[in-house]
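Asks: Sending over a structure as structure tokens; questions will come in a sec.
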Amino acid sequence: MASESHVLTQKQIAESFSNGNFEPTFPFLAKIIEWNIVGDKTLVGREAVIEECKQTSNYFKTITTKFTTLNVISEKNCVAVNGTAEFIRNGEQLSFVSACDVYIFNDKNELQRIDSYCIK
């Protein structure tokens with residue numbers, strides 16, 4: 001884990017990531033992390049995950065996003081976050097998704113695996 005003065009809880013890391021606020025989570029990504037975006041792709045390694053997050057953040061800058069968190073369930077080193085996301089441009093809805101992200105942390109409080117499920 002990075003030498004950061006403010007340590008986020010696993011729940012805070014998961015909620016931040018699920019709501020598209022990726023950058024604060026970067027110090028908590030394990031070097032060998034796997035992000036399985038079910039039905040789309042699997043990213044392996046810290047740098048691959050960060051690059052995907054940066055590309056997604058750049059897209060988010062071109063639209064208005066409305067994230068709604070419905071549930072956050074935390075048990076030992078696992079956190080599950082489900083909710084919805086609405087993507088809007090020029091007042092028109094581009095898409096609406098229901099999503100669930102399951103986060104697995106290692107014993108160093110590093111995010112080791114993410115499984116993301118999205119339904120349009």
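Scheme for the structure tokens: letters A, B, ... for chains in order shown; per-chain residue numbers from 1; ligand numbers from 1 in order shown.
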List every residue of segment 4-91 of chain A that DSSP, applied to the backbone of this structure, assigns to alpha helix (DSSP H), and report them as a list in words.

Replies: Gln10, Lys11, Gln12, Ile13, Ala14, Glu15, Ser16, Phe17, Ser18, Arg46, Glu47, Ala48, Val49, Ile50, Glu51, Glu52, Cys53, Lys54, Gln55, Thr56, Ser57, Asn58, Tyr59 and Phe60 of chain A

Asks: Please produce an output containing C-alpha atoms for each residue in the selection, written as a PDB file, in the first residue's frame.

Replies:
ATOM      1  CA  GLN A  10     -12.294  -1.099   2.500  1.00  0.00           C
ATOM      2  CA  LYS A  11     -15.870   0.130   2.336  1.00  0.00           C
ATOM      3  CA  GLN A  12     -14.748   3.659   1.366  1.00  0.00           C
ATOM      4  CA  ILE A  13     -12.397   2.306  -1.310  1.00  0.00           C
ATOM      5  CA  ALA A  14     -15.165   0.152  -2.794  1.00  0.00           C
ATOM      6  CA  GLU A  15     -17.781   2.915  -2.762  1.00  0.00           C
ATOM      7  CA  SER A  16     -15.366   5.408  -4.316  1.00  0.00           C
ATOM      8  CA  PHE A  17     -14.435   2.998  -7.117  1.00  0.00           C
ATOM      9  CA  SER A  18     -18.057   2.012  -7.795  1.00  0.00           C
ATOM     10  CA  ARG A  46      -2.160  -2.432 -11.340  1.00  0.00           C
ATOM     11  CA  GLU A  47      -1.136  -0.418 -14.414  1.00  0.00           C
ATOM     12  CA  ALA A  48      -3.813  -2.007 -16.637  1.00  0.00           C
ATOM     13  CA  VAL A  49      -6.522  -1.215 -14.064  1.00  0.00           C
ATOM     14  CA  ILE A  50      -5.309   2.373 -13.622  1.00  0.00           C
ATOM     15  CA  GLU A  51      -5.241   2.892 -17.400  1.00  0.00           C
ATOM     16  CA  GLU A  52      -8.842   1.620 -17.718  1.00  0.00           C
ATOM     17  CA  CYS A  53      -9.902   3.905 -14.867  1.00  0.00           C
ATOM     18  CA  LYS A  54      -8.265   6.907 -16.547  1.00  0.00           C
ATOM     19  CA  GLN A  55      -9.984   6.161 -19.865  1.00  0.00           C
ATOM     20  CA  THR A  56     -13.318   5.796 -18.084  1.00  0.00           C
ATOM     21  CA  SER A  57     -12.744   9.058 -16.173  1.00  0.00           C
ATOM     22  CA  ASN A  58     -12.001  10.852 -19.442  1.00  0.00           C
ATOM     23  CA  TYR A  59     -15.320   9.573 -20.829  1.00  0.00           C
ATOM     24  CA  PHE A  60     -17.123  10.704 -17.654  1.00  0.00           C
TER      25      PHE A  60
END

Asks: Please identify which residues in chain A DSSP calls strand (DSSP E) from the backbone, and express them as an MDAnalysis selection string.

Replies: chainID A and resid 29:37 41:44 64:75 78:89 92:105 111:119

Asks: Excluding segment 27-44 of chain A and its own-chain neighbours fewer than 2 positions away, which residues fall within 9 Å of it when counting only C-alpha atoms? Please give them as a ChimeraX atom specification.

Replies: /A:1-4,7-8,13,23-25,46-50,52,105-106,108-118

Asks: Those selected residues, please, written with N, CA, C and O atoms and delivered as a compact mmCIF listing (two decimals), in the first residue's frame.

Replies:
# COMPACT_ATOMS: atom_id res chain seq x y z
N MET A 1 0.85 -1.19 0.00
CA MET A 1 0.00 0.00 0.00
C MET A 1 0.88 1.23 0.00
O MET A 1 1.94 1.24 0.60
N ALA A 2 0.44 2.27 -0.63
CA ALA A 2 1.21 3.51 -0.71
C ALA A 2 1.32 4.16 0.66
O ALA A 2 0.48 3.97 1.53
N SER A 3 2.33 4.95 0.82
CA SER A 3 2.51 5.66 2.08
C SER A 3 1.63 6.90 2.05
O SER A 3 2.07 8.00 1.78
N GLU A 4 0.38 6.71 2.32
CA GLU A 4 -0.58 7.79 2.30
C GLU A 4 -0.99 8.09 3.73
O GLU A 4 -1.23 7.18 4.52
N VAL A 7 -5.71 6.81 5.46
CA VAL A 7 -6.03 5.45 5.02
C VAL A 7 -7.54 5.31 4.92
O VAL A 7 -8.27 5.60 5.86
N LEU A 8 -7.99 4.88 3.76
CA LEU A 8 -9.41 4.65 3.55
C LEU A 8 -9.78 3.25 4.03
O LEU A 8 -8.98 2.33 3.96
N ILE A 13 -13.09 2.59 -0.05
CA ILE A 13 -12.40 2.31 -1.31
C ILE A 13 -13.40 1.76 -2.33
O ILE A 13 -13.46 2.22 -3.47
N GLU A 23 -9.39 7.83 -8.69
CA GLU A 23 -8.05 8.25 -8.30
C GLU A 23 -7.72 8.03 -6.82
O GLU A 23 -6.62 7.56 -6.51
N PRO A 24 -8.62 8.32 -5.88
CA PRO A 24 -8.29 8.08 -4.47
C PRO A 24 -8.05 6.59 -4.15
O PRO A 24 -7.45 6.27 -3.13
N THR A 25 -8.51 5.71 -5.04
CA THR A 25 -8.34 4.27 -4.78
C THR A 25 -7.01 3.74 -5.30
O THR A 25 -6.60 2.65 -4.90
N ARG A 46 -1.85 -3.78 -11.83
CA ARG A 46 -2.16 -2.43 -11.34
C ARG A 46 -2.21 -1.41 -12.48
O ARG A 46 -3.14 -0.60 -12.56
N GLU A 47 -1.20 -1.41 -13.34
CA GLU A 47 -1.14 -0.42 -14.41
C GLU A 47 -2.29 -0.56 -15.40
O GLU A 47 -2.84 0.44 -15.87
N ALA A 48 -2.69 -1.79 -15.72
CA ALA A 48 -3.81 -2.01 -16.64
C ALA A 48 -5.11 -1.48 -16.04
O ALA A 48 -5.93 -0.86 -16.73
N VAL A 49 -5.31 -1.70 -14.74
CA VAL A 49 -6.52 -1.22 -14.06
C VAL A 49 -6.52 0.31 -14.02
O VAL A 49 -7.54 0.95 -14.33
N ILE A 50 -5.39 0.91 -13.68
CA ILE A 50 -5.31 2.37 -13.62
C ILE A 50 -5.57 2.97 -15.00
O ILE A 50 -6.31 3.97 -15.12
N GLU A 52 -7.40 1.74 -17.45
CA GLU A 52 -8.84 1.62 -17.72
C GLU A 52 -9.62 2.67 -16.94
O GLU A 52 -10.56 3.29 -17.46
N PHE A 105 -10.21 -7.86 -0.93
CA PHE A 105 -9.00 -7.22 -0.43
C PHE A 105 -8.07 -8.28 0.15
O PHE A 105 -8.52 -9.29 0.69
N ASN A 106 -6.76 -8.01 0.07
CA ASN A 106 -5.80 -8.89 0.71
C ASN A 106 -5.57 -8.44 2.15
O ASN A 106 -6.20 -7.47 2.62
N LYS A 108 -3.25 -6.83 3.41
CA LYS A 108 -2.58 -5.53 3.50
C LYS A 108 -3.54 -4.37 3.20
O LYS A 108 -3.10 -3.25 2.97
N ASN A 109 -4.83 -4.66 3.15
CA ASN A 109 -5.87 -3.68 2.81
C ASN A 109 -5.74 -3.21 1.36
O ASN A 109 -6.16 -2.12 1.01
N GLU A 110 -5.15 -4.05 0.51
CA GLU A 110 -5.03 -3.73 -0.91
C GLU A 110 -6.12 -4.45 -1.68
O GLU A 110 -6.45 -5.60 -1.40
N LEU A 111 -6.65 -3.75 -2.66
CA LEU A 111 -7.68 -4.32 -3.52
C LEU A 111 -7.03 -5.31 -4.47
O LEU A 111 -6.16 -4.96 -5.25
N GLN A 112 -7.44 -6.57 -4.36
CA GLN A 112 -6.80 -7.64 -5.12
C GLN A 112 -7.64 -8.14 -6.29
O GLN A 112 -7.11 -8.61 -7.29
N ARG A 113 -8.97 -8.04 -6.16
CA ARG A 113 -9.84 -8.53 -7.24
C ARG A 113 -11.14 -7.72 -7.23
O ARG A 113 -11.68 -7.40 -6.17
N ILE A 114 -11.62 -7.45 -8.45
CA ILE A 114 -12.91 -6.78 -8.63
C ILE A 114 -13.68 -7.59 -9.67
O ILE A 114 -13.14 -7.93 -10.72
N ASP A 115 -14.91 -7.90 -9.36
CA ASP A 115 -15.82 -8.49 -10.33
C ASP A 115 -16.97 -7.49 -10.52
O ASP A 115 -17.67 -7.17 -9.56
N SER A 116 -17.11 -6.99 -11.74
CA SER A 116 -18.13 -5.98 -12.04
C SER A 116 -19.19 -6.56 -12.96
O SER A 116 -18.87 -7.12 -14.02
N TYR A 117 -20.44 -6.42 -12.55
CA TYR A 117 -21.59 -6.89 -13.32
C TYR A 117 -22.45 -5.68 -13.67
O TYR A 117 -22.84 -4.93 -12.78
N CYS A 118 -22.73 -5.49 -14.95
CA CYS A 118 -23.56 -4.37 -15.39
C CYS A 118 -24.67 -4.88 -16.31
O CYS A 118 -24.41 -5.66 -17.21

Asks: Show which residues sit within 8 Å of Arg89 of chain A, as a ChimeraX atom specification. Count only C-alpha atoms, and ignore same-chain residues fewer than 6 positions away.

Replies: /A:62-64

Asks: Using Å and a single decimal, report how far atom CA of Thr9 of chain A sits from atom CA of Val72 of chain A.

Replies: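 Interatomic distance, atom CA of Val72 of chain A to atom CA of Thr9 of chain A: 12.8 Å.
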
Asks: Applying 10 Å and only C-alpha atoms, which residues near Ile119 of chain A remain after dropping the ones on its own chain fewer than 3 positions away? List them as a PDB file with N, CA, C and O atoms, in the first residue's frame.

Replies:
ATOM      1  N   THR A  84     -27.157   2.008  -9.339  1.00  0.00           N
ATOM      2  CA  THR A  84     -27.479   2.343 -10.712  1.00  0.00           C
ATOM      3  C   THR A  84     -26.603   3.503 -11.178  1.00  0.00           C
ATOM      4  O   THR A  84     -26.054   4.251 -10.358  1.00  0.00           O
ATOM      5  N   PHE A  96     -28.644   3.772 -19.099  1.00  0.00           N
ATOM      6  CA  PHE A  96     -28.952   3.568 -17.688  1.00  0.00           C
ATOM      7  C   PHE A  96     -28.568   2.128 -17.370  1.00  0.00           C
ATOM      8  O   PHE A  96     -28.980   1.210 -18.096  1.00  0.00           O
ATOM      9  N   VAL A  97     -27.758   1.930 -16.345  1.00  0.00           N
ATOM     10  CA  VAL A  97     -27.332   0.579 -15.995  1.00  0.00           C
ATOM     11  C   VAL A  97     -27.574   0.301 -14.517  1.00  0.00           C
ATOM     12  O   VAL A  97     -27.522   1.199 -13.684  1.00  0.00           O
ATOM     13  N   SER A  98     -27.855  -0.952 -14.242  1.00  0.00           N
ATOM     14  CA  SER A  98     -27.854  -1.464 -12.875  1.00  0.00           C
ATOM     15  C   SER A  98     -26.559  -2.242 -12.741  1.00  0.00           C
ATOM     16  O   SER A  98     -26.170  -2.985 -13.655  1.00  0.00           O
ATOM     17  N   ALA A  99     -25.875  -2.062 -11.630  1.00  0.00           N
ATOM     18  CA  ALA A  99     -24.549  -2.658 -11.499  1.00  0.00           C
ATOM     19  C   ALA A  99     -24.315  -3.208 -10.102  1.00  0.00           C
ATOM     20  O   ALA A  99     -24.934  -2.773  -9.133  1.00  0.00           O
ATOM     21  N   CYS A 100     -23.395  -4.169 -10.053  1.00  0.00           N
ATOM     22  CA  CYS A 100     -22.925  -4.702  -8.786  1.00  0.00           C
ATOM     23  C   CYS A 100     -21.431  -4.965  -8.928  1.00  0.00           C
ATOM     24  O   CYS A 100     -20.995  -5.590  -9.895  1.00  0.00           O
TER      25      CYS A 100
END

Asks: With only C-alpha atoms as the basis for distance, which of A:Val102, A:Phe87, A:Lys120, A:Phe22 is at the shortest distance from Ser74 of chain A?

Replies: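 Of A:Val102, A:Phe87, A:Lys120, A:Phe22, the one nearest Ser74 of chain A, counting only C-alpha atoms, is A:Val102.
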
Asks: Between atom CA of Gly20 of chain A and atom CA of Cys78 of chain A, what is the distance, to one decimal in Å?

Replies: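 Those two atoms sit 18.9 Å apart.
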